[in-house]
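*Asks:* PDB, C-alpha atoms, pLDDT in the B column, saved as final-v4.pdb, coming up:
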```
ATOM      1  CA  MET B  78     -28.706 113.061 160.393  1.00 84.00           C
ATOM      2  CA  LEU B  79     -25.705 110.991 159.239  1.00 83.00           C
ATOM      3  CA  HIS B  80     -25.449 113.157 156.137  1.00 83.00           C
ATOM      4  CA  GLN B  81     -25.534 116.351 158.206  1.00 87.00           C
ATOM      5  CA  ILE B  82     -22.813 115.068 160.522  1.00 88.00           C
ATOM      6  CA  LEU B  83     -20.538 114.008 157.638  1.00 86.00           C
ATOM      7  CA  ASP B  84     -21.162 117.247 155.764  1.00 85.00           C
ATOM      8  CA  ARG B  85     -20.263 119.259 158.857  1.00 89.00           C
ATOM      9  CA  VAL B  86     -17.091 117.222 159.411  1.00 87.00           C
ATOM     10  CA  VAL B  87     -15.960 117.777 155.821  1.00 88.00           C
ATOM     11  CA  ASP B  88     -16.765 121.503 155.986  1.00 87.00           C
ATOM     12  CA  LEU B  89     -14.537 121.822 159.036  1.00 88.00           C
ATOM     13  CA  TYR B  90     -11.582 120.797 156.873  1.00 87.00           C
ATOM     14  CA  MET B  91     -11.815 123.966 154.762  1.00 88.00           C
ATOM     15  CA  PRO B  92     -10.448 126.423 157.390  1.00 88.00           C
ATOM     16  CA  LEU B  93      -7.584 123.993 157.936  1.00 88.00           C
ATOM     17  CA  VAL B  94      -6.864 123.873 154.207  1.00 88.00           C
ATOM     18  CA  ASP B  95      -6.930 127.682 154.060  1.00 89.00           C
ATOM     19  CA  ASP B  96      -4.449 127.818 156.942  1.00 90.00           C
ATOM     20  CA  PHE B  97      -2.130 125.463 155.053  1.00 89.00           C
ATOM     21  CA  ASP B  98      -2.380 127.646 151.958  1.00 89.00           C
ATOM     22  CA  ARG B  99      -1.473 130.793 153.895  1.00 90.00           C
ATOM     23  CA  ALA B 100       1.358 129.020 155.719  1.00 89.00           C
ATOM     24  CA  ILE B 101       2.860 127.766 152.449  1.00 88.00           C
ATOM     25  CA  ASN B 102       2.707 131.209 150.838  1.00 89.00           C
ATOM     26  CA  ASP B 103       4.278 132.797 153.922  1.00 89.00           C
ATOM     27  CA  LEU B 104       7.091 130.247 153.976  1.00 86.00           C
ATOM     28  CA  GLU B 105       7.763 130.773 150.269  1.00 85.00           C
ATOM     29  CA  LEU B 106       8.223 134.506 150.821  1.00 85.00           C
ATOM     30  CA  ARG B 107      10.440 133.957 153.857  1.00 84.00           C
ATOM     31  CA  VAL B 108      12.626 131.426 152.052  1.00 83.00           C
ATOM     32  CA  PHE B 109      13.256 133.741 149.105  1.00 79.00           C
ATOM     33  CA  GLN B 110      13.804 136.774 151.358  1.00 78.00           C
ATOM     34  CA  MET B 111      16.069 134.876 153.752  1.00 74.00           C
ATOM     35  CA  LYS B 112      19.233 136.900 154.416  1.00 68.00           C
ATOM     36  CA  ARG B 113      21.095 134.133 156.200  1.00 65.00           C
ATOM     37  CA  THR B 114      20.604 130.471 156.923  1.00 62.00           C
ATOM     38  CA  SER B 115      18.063 129.663 159.605  1.00 64.00           C
ATOM     39  CA  THR B 116      17.092 126.314 161.052  1.00 71.00           C
ATOM     40  CA  SER B 117      13.768 127.689 162.287  1.00 80.00           C
ATOM     41  CA  ILE B 118      12.374 127.931 158.743  1.00 82.00           C
ATOM     42  CA  LEU B 119      13.456 124.363 158.042  1.00 83.00           C
ATOM     43  CA  GLY B 120      11.700 123.245 161.222  1.00 85.00           C
ATOM     44  CA  GLU B 121       8.498 125.029 160.168  1.00 87.00           C
ATOM     45  CA  ILE B 122       8.643 123.393 156.746  1.00 87.00           C
ATOM     46  CA  MET B 123       9.011 119.945 158.285  1.00 88.00           C
ATOM     47  CA  ASN B 124       6.162 120.559 160.772  1.00 90.00           C
ATOM     48  CA  LEU B 125       3.899 121.765 157.976  1.00 89.00           C
ATOM     49  CA  ARG B 126       4.890 118.770 155.886  1.00 89.00           C
ATOM     50  CA  ARG B 127       3.893 116.387 158.678  1.00 90.00           C
ATOM     51  CA  SER B 128       0.561 118.187 159.189  1.00 90.00           C
ATOM     52  CA  VAL B 129      -0.329 118.037 155.508  1.00 89.00           C
ATOM     53  CA  ALA B 130       0.666 114.364 155.361  1.00 89.00           C
ATOM     54  CA  ARG B 131      -1.603 113.691 158.348  1.00 90.00           C
ATOM     55  CA  LEU B 132      -4.511 115.469 156.623  1.00 88.00           C
ATOM     56  CA  LYS B 133      -3.884 113.457 153.462  1.00 87.00           C
ATOM     57  CA  ARG B 134      -3.786 110.185 155.375  1.00 88.00           C
ATOM     58  CA  ILE B 135      -6.965 110.871 157.359  1.00 87.00           C
ATOM     59  CA  SER B 136      -8.971 112.257 154.432  1.00 87.00           C
ATOM     60  CA  SER B 137      -7.961 109.331 152.195  1.00 86.00           C
ATOM     61  CA  ARG B 138      -9.326 106.826 154.676  1.00 86.00           C
ATOM     62  CA  GLN B 139     -12.525 108.800 155.147  1.00 86.00           C
ATOM     63  CA  LEU B 140     -12.829 109.059 151.379  1.00 85.00           C
ATOM     64  CA  GLU B 141     -13.054 105.291 151.081  1.00 86.00           C
ATOM     65  CA  VAL B 142     -15.873 105.164 153.633  1.00 86.00           C
ATOM     66  CA  LEU B 143     -17.788 107.996 151.958  1.00 86.00           C
ATOM     67  CA  TYR B 144     -17.409 106.299 148.599  1.00 85.00           C
ATOM     68  CA  ARG B 145     -19.101 103.192 149.952  1.00 85.00           C
ATOM     69  CA  LEU B 146     -21.825 105.255 151.636  1.00 83.00           C
ATOM     70  CA  SER B 147     -22.538 107.252 148.481  1.00 82.00           C
ATOM     71  CA  HIS B 148     -22.749 104.280 146.107  1.00 81.00           C
ATOM     72  CA  GLY B 149     -25.531 102.314 147.778  1.00 77.00           C
ATOM     73  CA  GLU B 150     -23.535  99.600 149.534  1.00 79.00           C
ATOM     74  CA  PHE B 151     -25.645  99.982 152.664  1.00 80.00           C
ATOM     75  CA  PRO B 152     -29.385  99.290 152.448  1.00 81.00           C
ATOM     76  CA  GLN B 153     -30.018 101.527 155.454  1.00 82.00           C
ATOM     77  CA  ILE B 154     -29.412 104.586 153.240  1.00 80.00           C
ATOM     78  CA  PRO B 155     -32.358 105.288 150.890  1.00 82.00           C
ATOM     79  CA  GLU B 156     -31.516 105.676 147.214  1.00 83.00           C
ATOM     80  CA  ASN B 157     -32.977 109.182 147.042  1.00 84.00           C
ATOM     81  CA  ILE B 158     -30.484 110.305 149.734  1.00 83.00           C
ATOM     82  CA  LEU B 159     -27.403 108.961 147.909  1.00 84.00           C
ATOM     83  CA  PRO B 160     -26.828 112.166 145.828  1.00 86.00           C
ATOM     84  CA  PHE B 161     -26.333 114.107 149.062  1.00 87.00           C
ATOM     85  CA  PHE B 162     -23.676 111.654 150.179  1.00 85.00           C
ATOM     86  CA  ARG B 163     -22.047 111.906 146.745  1.00 88.00           C
ATOM     87  CA  ASP B 164     -21.901 115.658 147.194  1.00 89.00           C
ATOM     88  CA  VAL B 165     -20.080 115.212 150.513  1.00 88.00           C
ATOM     89  CA  HIS B 166     -17.777 112.674 148.838  1.00 88.00           C
ATOM     90  CA  ASP B 167     -16.940 115.189 146.089  1.00 90.00           C
ATOM     91  CA  HIS B 168     -16.095 117.868 148.661  1.00 89.00           C
ATOM     92  CA  LEU B 169     -13.807 115.505 150.523  1.00 89.00           C
ATOM     93  CA  LEU B 170     -12.227 114.418 147.239  1.00 90.00           C
ATOM     94  CA  ARG B 171     -11.316 118.052 146.474  1.00 90.00           C
ATOM     95  CA  ILE B 172      -9.811 118.416 149.943  1.00 89.00           C
ATOM     96  CA  THR B 173      -7.773 115.249 149.437  1.00 88.00           C
ATOM     97  CA  ASP B 174      -6.517 116.554 146.087  1.00 89.00           C
ATOM     98  CA  LEU B 175      -5.585 119.872 147.713  1.00 89.00           C
ATOM     99  CA  ALA B 176      -3.702 118.031 150.445  1.00 88.00           C
ATOM    100  CA  GLU B 177      -1.788 116.095 147.789  1.00 88.00           C
ATOM    101  CA  ASN B 178      -0.956 119.334 145.952  1.00 90.00           C
ATOM    102  CA  TYR B 179       0.163 120.977 149.173  1.00 88.00           C
ATOM    103  CA  ARG B 180       2.406 118.030 149.941  1.00 88.00           C
ATOM    104  CA  ASP B 181       4.075 118.445 146.538  1.00 88.00           C
ATOM    105  CA  LEU B 182       4.424 122.194 147.090  1.00 88.00           C
ATOM    106  CA  ILE B 183       6.022 121.689 150.484  1.00 88.00           C
ATOM    107  CA  GLY B 184       8.407 119.129 149.005  1.00 86.00           C
ATOM    108  CA  GLY B 185       9.423 121.680 146.380  1.00 87.00           C
ATOM    109  CA  LEU B 186       9.711 124.348 149.069  1.00 86.00           C
ATOM    110  CA  PHE B 187      12.025 122.067 151.032  1.00 86.00           C
ATOM    111  CA  GLU B 188      14.261 121.632 147.981  1.00 86.00           C
ATOM    112  CA  ILE B 189      14.228 125.390 147.312  1.00 85.00           C
ATOM    113  CA  HIS B 190      15.257 126.058 150.908  1.00 84.00           C
ATOM    114  CA  LEU B 191      18.188 123.669 150.580  1.00 84.00           C
ATOM    115  CA  ALA B 192      19.165 125.313 147.283  1.00 84.00           C
ATOM    116  CA  VAL B 193      19.042 128.810 148.826  1.00 82.00           C
ATOM    117  CA  VAL B 194      21.138 127.666 151.785  1.00 82.00           C
ATOM    118  CA  GLY B 195      23.617 126.052 149.391  1.00 83.00           C
ATOM    119  CA  ASN B 196      23.859 129.226 147.306  1.00 81.00           C
ATOM    120  CA  LYS B 197      24.482 131.373 150.365  1.00 80.00           C
ATOM    121  CA  THR B 198      27.128 128.935 151.566  1.00 81.00           C
ATOM    122  CA  ASN B 199      28.768 129.106 148.142  1.00 83.00           C
ATOM    123  CA  GLU B 200      28.746 132.910 148.327  1.00 79.00           C
ATOM    124  CA  VAL B 201      30.501 132.792 151.699  1.00 78.00           C
ATOM    125  CA  MET B 202      33.052 130.294 150.425  1.00 85.00           C
ATOM    126  CA  LYS B 203      33.628 132.396 147.317  1.00 82.00           C
ATOM    127  CA  THR B 204      34.255 135.500 149.420  1.00 81.00           C
ATOM    128  CA  LEU B 205      36.683 133.622 151.655  1.00 83.00           C
ATOM    129  CA  ALA B 206      38.456 132.198 148.595  1.00 86.00           C
ATOM    130  CA  VAL B 207      38.814 135.680 147.059  1.00 83.00           C
ATOM    131  CA  ILE B 208      40.263 137.044 150.293  1.00 84.00           C
ATOM    132  CA  SER B 209      42.687 134.130 150.494  1.00 87.00           C
ATOM    133  CA  VAL B 210      43.819 134.612 146.891  1.00 85.00           C
ATOM    134  CA  ILE B 211      44.397 138.333 147.473  1.00 85.00           C
ATOM    135  CA  ILE B 212      46.354 137.753 150.676  1.00 88.00           C
ATOM    136  CA  LEU B 213      48.514 135.010 149.118  1.00 87.00           C
ATOM    137  CA  PRO B 214      50.735 137.216 146.894  1.00 85.00           C
ATOM    138  CA  LEU B 215      50.922 139.868 149.600  1.00 85.00           C
ATOM    139  CA  SER B 216      52.086 137.256 152.087  1.00 87.00           C
ATOM    140  CA  LEU B 217      54.622 136.050 149.529  1.00 83.00           C
ATOM    141  CA  ILE B 218      56.088 139.535 149.136  1.00 81.00           C
ATOM    142  CA  ALA B 219      56.098 140.131 152.879  1.00 82.00           C
ATOM    143  CA  GLY B 220      57.701 136.719 153.415  1.00 81.00           C
ATOM    144  CA  ILE B 221      60.456 137.373 150.888  1.00 76.00           C
ATOM    145  CA  TYR B 222      61.328 140.745 152.353  1.00 73.00           C
ATOM    146  CA  GLY B 223      61.100 139.269 155.823  1.00 75.00           C
ATOM    147  CA  MET B 224      64.177 137.147 155.085  1.00 71.00           C
ATOM    148  CA  ASN B 225      67.298 138.803 156.476  1.00 67.00           C
ATOM    149  CA  PHE B 226      69.620 138.646 153.464  1.00 63.00           C
ATOM    150  CA  GLU B 227      72.054 141.383 152.566  1.00 66.00           C
ATOM    151  CA  ASN B 228      71.864 141.313 148.773  1.00 66.00           C
ATOM    152  CA  MET B 229      68.147 141.846 148.204  1.00 68.00           C
ATOM    153  CA  PRO B 230      66.678 144.328 145.692  1.00 68.00           C
ATOM    154  CA  GLU B 231      65.892 147.717 147.190  1.00 65.00           C
ATOM    155  CA  LEU B 232      66.875 146.460 150.661  1.00 67.00           C
ATOM    156  CA  HIS B 233      68.723 149.658 151.564  1.00 71.00           C
ATOM    157  CA  SER B 234      66.651 151.912 149.300  1.00 72.00           C
ATOM    158  CA  ARG B 235      65.151 154.991 150.872  1.00 75.00           C
ATOM    159  CA  TYR B 236      61.765 154.321 149.262  1.00 75.00           C
ATOM    160  CA  GLY B 237      61.905 150.525 149.232  1.00 75.00           C
ATOM    161  CA  TYR B 238      59.281 150.165 151.968  1.00 77.00           C
ATOM    162  CA  TRP B 239      56.809 152.424 150.208  1.00 82.00           C
ATOM    163  CA  LEU B 240      57.477 150.815 146.830  1.00 80.00           C
ATOM    164  CA  THR B 241      56.733 147.417 148.356  1.00 79.00           C
ATOM    165  CA  LEU B 242      53.461 148.685 149.832  1.00 83.00           C
ATOM    166  CA  ALA B 243      52.595 150.256 146.484  1.00 87.00           C
ATOM    167  CA  ALA B 244      53.291 146.959 144.711  1.00 85.00           C
ATOM    168  CA  MET B 245      51.021 145.183 147.189  1.00 85.00           C
ATOM    169  CA  ALA B 246      48.268 147.755 146.616  1.00 89.00           C
ATOM    170  CA  VAL B 247      48.591 147.447 142.841  1.00 90.00           C
ATOM    171  CA  ILE B 248      48.416 143.651 143.027  1.00 89.00           C
ATOM    172  CA  THR B 249      45.323 143.882 145.239  1.00 87.00           C
ATOM    173  CA  VAL B 250      43.574 146.294 142.854  1.00 90.00           C
ATOM    174  CA  LEU B 251      44.465 144.185 139.815  1.00 90.00           C
ATOM    175  CA  LEU B 252      43.153 141.024 141.475  1.00 86.00           C
ATOM    176  CA  LEU B 253      39.924 142.742 142.515  1.00 86.00           C
ATOM    177  CA  TRP B 254      39.491 144.078 138.987  1.00 87.00           C
ATOM    178  CA  TYR B 255      40.100 140.622 137.524  1.00 84.00           C
ATOM    179  CA  PHE B 256      37.624 138.980 139.895  1.00 81.00           C
ATOM    180  CA  TRP B 257      35.074 141.672 139.095  1.00 82.00           C
ATOM    181  CA  ARG B 258      35.536 141.152 135.353  1.00 81.00           C
ATOM    182  CA  GLN B 259      35.009 137.435 135.856  1.00 75.00           C
ATOM    183  CA  GLY B 260      31.778 138.146 137.770  1.00 72.00           C
ATOM    184  CA  TRP B 261      33.013 136.511 140.961  1.00 72.00           C
ATOM    185  CA  ILE B 262      32.566 139.539 143.260  1.00 73.00           C
ATOM    186  CA  PHE B 263      30.543 142.763 143.426  1.00 67.00           C
ATOM    187  CA  GLN B 264      27.873 141.323 141.137  1.00 60.00           C
ATOM    188  CA  LYS B 265      24.419 142.789 141.725  1.00 52.00           C
ATOM    189  CA  ASP B 266      21.096 141.044 141.269  1.00 49.00           C
ATOM    190  CA  ASP B 267      20.498 142.966 138.013  1.00 49.00           C
ATOM    191  CA  ASP B 268      23.792 141.700 136.661  1.00 49.00           C
ATOM    192  CA  LEU B 269      22.891 138.154 137.690  1.00 43.00           C
ATOM    193  CA  ALA B 270      19.543 138.463 135.916  1.00 44.00           C
ATOM    194  CA  ALA B 271      21.250 139.819 132.803  1.00 48.00           C
ATOM    195  CA  ASP B 272      23.746 136.958 132.849  1.00 47.00           C
ATOM    196  CA  ALA B 273      20.945 134.450 133.243  1.00 40.00           C
ATOM    197  CA  ALA B 274      19.096 136.029 130.304  1.00 44.00           C
ATOM    198  CA  GLU B 275      22.230 135.894 128.169  1.00 49.00           C
ATOM    199  CA  GLU B 276      22.760 132.247 129.069  1.00 43.00           C
ATOM    200  CA  GLY B 277      19.135 131.518 128.192  1.00 44.00           C
ATOM    201  CA  GLU B 278      19.462 133.231 124.819  1.00 46.00           C
ATOM    202  CA  ALA B 279      22.677 131.339 124.166  1.00 45.00           C
ATOM    203  CA  GLY B 280      20.928 128.062 125.020  1.00 44.00           C
ATOM    204  CA  ASN B 281      18.098 128.878 122.624  1.00 43.00           C
TER     205      ASN B 281
END
```
I need this file expressed as structure tokens, please.

*Replies:*
Amino acid sequence: MLHQILDRVVDLYMPLVDDFDRAINDLELRVFQMKRTSTSILGEIMNLRRSVARLKRISSRQLEVLYRLSHGEFPQIPENILPFFRDVHDHLLRITDLAENYRDLIGGLFEIHLAVVGNKTNEVMKTLAVISVIILPLSLIAGIYGMNFENMPELHSRYGYWLTLAAMAVITVLLLWYFWRQGWIFQKDDDLAADAAEEGEAGN
């Protein structure tokens, strides 16, 4: 009867382990498909991490008890029944190993989430920096021509206003072209993959 109870208890861990496996796979997909930063995913990762740690802690303690039961430390258990207890011990050992693996996977998932959030933050900062760099020379030109001096180039020219706007447009286009050539903006995922492949070949 003791063997049946312990075997049933250990078997009840398997649906829980399957749920952890599905939850980890789902979180992996959501982290990589995340369009913008979200604290809800981080909260789910931390909750799952605590649950897996709890399973690991409980199963480890039960594993010690089952080890003693399955190796003949108690005379109340006949020797011919010990293999059945060893079988239960082996099942619980696999569950404990799975819990340890899941804990490592969740730790890696946590680091990946932080890396994805950091990359998206860098993309936002890069976009803001590009906009600031483009606006800087335009503000300089506008500031210079905003000074009320008499002897300024093209001050009384009929087309001075339009030439200034054209110069601003040309500077903007040239800066955008330069940033694009440097791979700082308008870079697609295919281009990123190609760059990564080129860097890998260069490293080899």

*Asks:* So that I can see what lies close to B:Arg138, please list as a list in words the residues with an atom at most 12 Å from it, counting all atoms listed in the file and leaving out residues fewer than 4 positions away in the same chain.

*Replies:* Arg131, Leu132, Lys133, Arg134, Val142, Leu143, Tyr144, Arg145, His166, Leu169, Leu170 and Thr173 of chain B

*Asks:* Hey, what comes out of the PyMOL selection byres ((chain B and resi 123) around 12) on this file? Could you write it as JSON, numbers by chain?

*Replies:* {"B": [101, 104, 116, 117, 118, 119, 120, 121, 122, 124, 125, 126, 127, 128, 129, 130, 180, 183, 184, 186, 187, 188, 190]}

*Asks:* With all atoms listed in the file as the atoms that count, which of B:Ala100, B:Val87, B:Leu79, B:Val193 lies nearest to B:Tyr179?

*Replies:*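 Nearest to B:Tyr179: B:Ala100.
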
*Asks:* Counting only C-alpha atoms, figure out which residue out of B:Gln153, B:Gln81, B:Thr204, B:Gln259 gets nearest to B:Val165.

*Replies:*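 Looking at the shortest contact to B:Val165, the residue is B:Gln81.
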
*Asks:* Identify the residues around (-26.5, 110.3, 150.0) within a radius of 10 Å, measuring from only C-alpha atoms in the coordinates stated by the file, and give them as JSON, numbers by chain.

*Replies:* {"B": [79, 80, 143, 146, 147, 148, 149, 154, 155, 156, 157, 158, 159, 160, 161, 162, 163, 164, 165, 166]}

*Asks:* With only C-alpha atoms as the counted atoms, please give the residues lying no more than 9 Å from stretch 241-258 of chain B, apart from itself and same-chain residues fewer than 5 positions off, as number ranges by chain.

*Replies:* B: 207, 210-212, 214-215, 218-219, 236, 263-264

*Asks:* Output C-alpha atoms for every residue in that selection, as a CSV table (one decimal), keeping the file's coordinate frame.

*Replies:*
```csv
chain,number,residue,atom,x,y,z
B,207,VAL,CA,38.8,135.7,147.1
B,210,VAL,CA,43.8,134.6,146.9
B,211,ILE,CA,44.4,138.3,147.5
B,212,ILE,CA,46.4,137.8,150.7
B,214,PRO,CA,50.7,137.2,146.9
B,215,LEU,CA,50.9,139.9,149.6
B,218,ILE,CA,56.1,139.5,149.1
B,219,ALA,CA,56.1,140.1,152.9
B,236,TYR,CA,61.8,154.3,149.3
B,263,PHE,CA,30.5,142.8,143.4
B,264,GLN,CA,27.9,141.3,141.1
```

*Asks:* Pick the closest to B:Asn102 from B:Leu182, B:Ile135, B:Glu177, B:Glu141: which is it, counting all atoms listed in the file?

*Replies:* B:Leu182

*Asks:* For atom CA of B:Val194 and atom CA of B:Ser209, determine how far apart the two atoms are, in Å to one decimal place.

*Replies:* 22.5 Å

*Asks:* Report the distance between atom CA of B:Pro152 and atom CA of B:Asp88 in Å, rounded to one decimal place.

*Replies:*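 It comes out at 25.8 Å.
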
*Asks:* What does the distance from atom CA of B:Leu191 to atom CA of B:Asp103 come to in Å, to one decimal?

*Replies:* 17.0 Å
